[in-house]
Every structure is written in C-alpha cells, then in structure tokens.
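J.: To start, I am sharing the structure in question, which I have written as structure tokens.
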Amino acid sequence: MGDKARILLKLRRGDELSDVLEQIMSLELVKEIPDVGRERDFVDRAPPGLIRKNVLDRYNEFLPRRPGDSLADEPPEEVM
C-alpha cells in the first residue's frame with residue numbers, strides 16, 4: 001500500500017491517495033506477521049490540499065509524525 005501511495009503522490013492523484021490512506025488505516029495488523037514499519041513519508045511530502053482534509057487529520061491521529069521520520073522517496077526498512 002505504501003508503494004501505491006508513493007506512486008499516487010508522484011502522479012498528484014489526491015483522491016486516489018486519500019482512498020489508499022483510508023485502506024491503510026482500516027488494515028488489521030498482526031504482530032506475528034512480518035511487515036514494513038510505520039509509513040507516512042508520502043503523507044509528509046504531499047502538498048497542502050492534495051489529501052482530503054478529513055483523511056489527513058485522521059491519518060495524522062492514526063500515525064503521528066515523529067522526530068526522525070524520513071521524507072525520502074524510499075520506503076522504511078522491513079520489520080522482522
């Protein structure tokens with residue numbers, strides 16, 4: 001989902017990006033299953049107004065920005 005979000009960000013497709021963020025927030029995470037770490041670089045790099053405000057507000061609550069979060073195009077490393 002993170003890769004899809006990055007592609008939509010590059011294409012400046014805000015409605016679709018907002019939909020992907022909705023999907024990310026609805027996923028049920030299982031600790032025993034390896035997955036990538038927290039991802040929000042695509043949110044932090046989005047220009048103002050690209051992501052629907054209500055979705056952006058909920059994503060910021062779902063996954064707040066922390067000091068040290070990367071704004072790079074590269075996704076975070078996998079967590080095992």
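Residues are referred to by chain and number: the chain letter is A, B, ... according to the order shown in the structure tokens, the number counts from 1 in that chain, and ligands are numbered separately from 1 in the order shown.
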Could you pull the residues within 8 Å of Leu17 in chain A, counting only C-alpha atoms, minus those fewer than 6 positions along the same chain, as a PyMOL selection string?
T.: chain A and resi 5+8-9+51
J.: Assign secondary structure with DSSP using the backbone only, and return the residues of chain A in strand (DSSP E) as a ChimeraX atom specification.
T.: /A:35-36,78-79
J.: Keeping only C-alpha atoms, write the selected residues as a compact mmCIF listing (two decimals), in the first residue's frame.
T.:
# COMPACT_ATOMS: atom_id res chain seq x y z
CA ASP A 35 5.64 -6.32 7.55
CA VAL A 36 7.16 -2.93 6.82
CA GLU A 78 11.09 -4.09 6.73
CA VAL A 79 10.48 -5.05 10.34
J.: Excluding Glu16 in chain A and residues on its chain fewer than 6 positions from it, collect all residues at most 12 Å away from it, counting only C-alpha atoms, and give them as a ChimeraX atom specification.
T.: /A:1,4-10,22-23,50-52,55
J.: So which bits of chain A end up helix (DSSP H, G or I) when you DSSP the backbone, as number ranges by chain?
T.: A: 2-10, 14-26, 41-45, 53-62
J.: What does the file look like for those residues with N, CA and C atoms, as a compact mmCIF listing (two decimals), in the first residue's frame?
T.:
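File out03.txt, as written:
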# COMPACT_ATOMS: atom_id res chain seq x y z
N GLY A 2 1.99 1.21 0.73
CA GLY A 2 2.87 2.36 0.77
C GLY A 2 3.43 2.71 -0.60
N ASP A 3 3.80 1.67 -1.36
CA ASP A 3 4.31 1.92 -2.72
C ASP A 3 3.23 2.54 -3.60
N LYS A 4 2.02 2.05 -3.46
CA LYS A 4 0.90 2.61 -4.22
C LYS A 4 0.70 4.08 -3.85
N ALA A 5 0.78 4.38 -2.56
CA ALA A 5 0.63 5.76 -2.10
C ALA A 5 1.72 6.66 -2.69
N ARG A 6 2.95 6.16 -2.75
CA ARG A 6 4.05 6.96 -3.32
C ARG A 6 3.83 7.23 -4.80
N ILE A 7 3.33 6.25 -5.52
CA ILE A 7 3.06 6.43 -6.95
C ILE A 7 1.96 7.47 -7.13
N LEU A 8 0.90 7.35 -6.36
CA LEU A 8 -0.20 8.31 -6.47
C LEU A 8 0.25 9.72 -6.10
N LEU A 9 1.14 9.83 -5.13
CA LEU A 9 1.70 11.13 -4.77
C LEU A 9 2.46 11.73 -5.95
N LYS A 10 3.30 10.93 -6.58
CA LYS A 10 4.07 11.43 -7.73
C LYS A 10 3.16 11.86 -8.88
N GLY A 14 -4.76 13.04 -5.76
CA GLY A 14 -5.14 13.19 -4.37
C GLY A 14 -6.32 12.35 -3.92
N ASP A 15 -7.35 12.23 -4.76
CA ASP A 15 -8.50 11.43 -4.36
C ASP A 15 -8.12 9.97 -4.19
N GLU A 16 -7.35 9.44 -5.12
CA GLU A 16 -6.93 8.04 -5.02
C GLU A 16 -5.97 7.85 -3.85
N LEU A 17 -5.08 8.82 -3.61
CA LEU A 17 -4.16 8.75 -2.47
C LEU A 17 -4.96 8.75 -1.17
N SER A 18 -5.96 9.60 -1.08
CA SER A 18 -6.82 9.63 0.10
C SER A 18 -7.50 8.29 0.33
N ASP A 19 -7.94 7.66 -0.76
CA ASP A 19 -8.58 6.34 -0.66
C ASP A 19 -7.59 5.30 -0.13
N VAL A 20 -6.34 5.35 -0.60
CA VAL A 20 -5.33 4.39 -0.14
C VAL A 20 -5.04 4.60 1.35
N LEU A 21 -4.99 5.86 1.78
CA LEU A 21 -4.78 6.12 3.20
C LEU A 21 -5.93 5.54 4.03
N GLU A 22 -7.15 5.65 3.52
CA GLU A 22 -8.30 5.03 4.19
C GLU A 22 -8.10 3.53 4.31
N GLN A 23 -7.61 2.91 3.24
CA GLN A 23 -7.37 1.46 3.26
C GLN A 23 -6.29 1.10 4.26
N ILE A 24 -5.22 1.87 4.31
CA ILE A 24 -4.14 1.61 5.26
C ILE A 24 -4.67 1.67 6.69
N MET A 25 -5.48 2.68 6.97
CA MET A 25 -6.00 2.83 8.33
C MET A 25 -6.96 1.71 8.70
N SER A 26 -7.56 1.06 7.72
CA SER A 26 -8.54 0.01 8.02
C SER A 26 -7.91 -1.37 8.17
N ASP A 41 5.83 8.80 4.99
CA ASP A 41 6.61 9.72 4.17
C ASP A 41 5.78 10.31 3.03
N PHE A 42 4.88 9.53 2.47
CA PHE A 42 4.04 10.01 1.37
C PHE A 42 3.05 11.07 1.87
N VAL A 43 2.64 10.98 3.11
CA VAL A 43 1.75 12.00 3.69
C VAL A 43 2.53 13.29 3.93
N ASP A 44 3.72 13.14 4.50
CA ASP A 44 4.53 14.32 4.84
C ASP A 44 5.01 15.07 3.61
N ARG A 45 5.15 14.39 2.48
CA ARG A 45 5.63 15.05 1.26
C ARG A 45 4.50 15.58 0.39
N LYS A 53 -8.84 16.70 3.61
CA LYS A 53 -8.55 17.16 4.96
C LYS A 53 -9.01 16.18 6.03
N ASN A 54 -10.20 15.64 5.90
CA ASN A 54 -10.69 14.72 6.92
C ASN A 54 -9.84 13.45 6.97
N VAL A 55 -9.35 12.99 5.84
CA VAL A 55 -8.49 11.81 5.80
C VAL A 55 -7.12 12.16 6.38
N LEU A 56 -6.57 13.30 6.01
CA LEU A 56 -5.27 13.73 6.53
C LEU A 56 -5.32 13.87 8.05
N ASP A 57 -6.37 14.48 8.57
CA ASP A 57 -6.50 14.64 10.02
C ASP A 57 -6.54 13.28 10.72
N ARG A 58 -7.31 12.35 10.17
CA ARG A 58 -7.40 11.02 10.79
C ARG A 58 -6.09 10.25 10.66
N TYR A 59 -5.38 10.40 9.51
CA TYR A 59 -4.10 9.71 9.35
C TYR A 59 -3.07 10.26 10.33
N ASN A 60 -3.08 11.57 10.53
CA ASN A 60 -2.15 12.17 11.50
C ASN A 60 -2.44 11.68 12.91
N GLU A 61 -3.69 11.43 13.22
CA GLU A 61 -4.04 10.86 14.52
C GLU A 61 -3.66 9.39 14.58
N PHE A 62 -3.89 8.66 13.48
CA PHE A 62 -3.57 7.24 13.37
C PHE A 62 -2.07 7.00 13.47
J.: Quick one, how far is CA of Leu11 in chain A from CA of Arg38 in chain A?
T.: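 The value is 22.4 Å.
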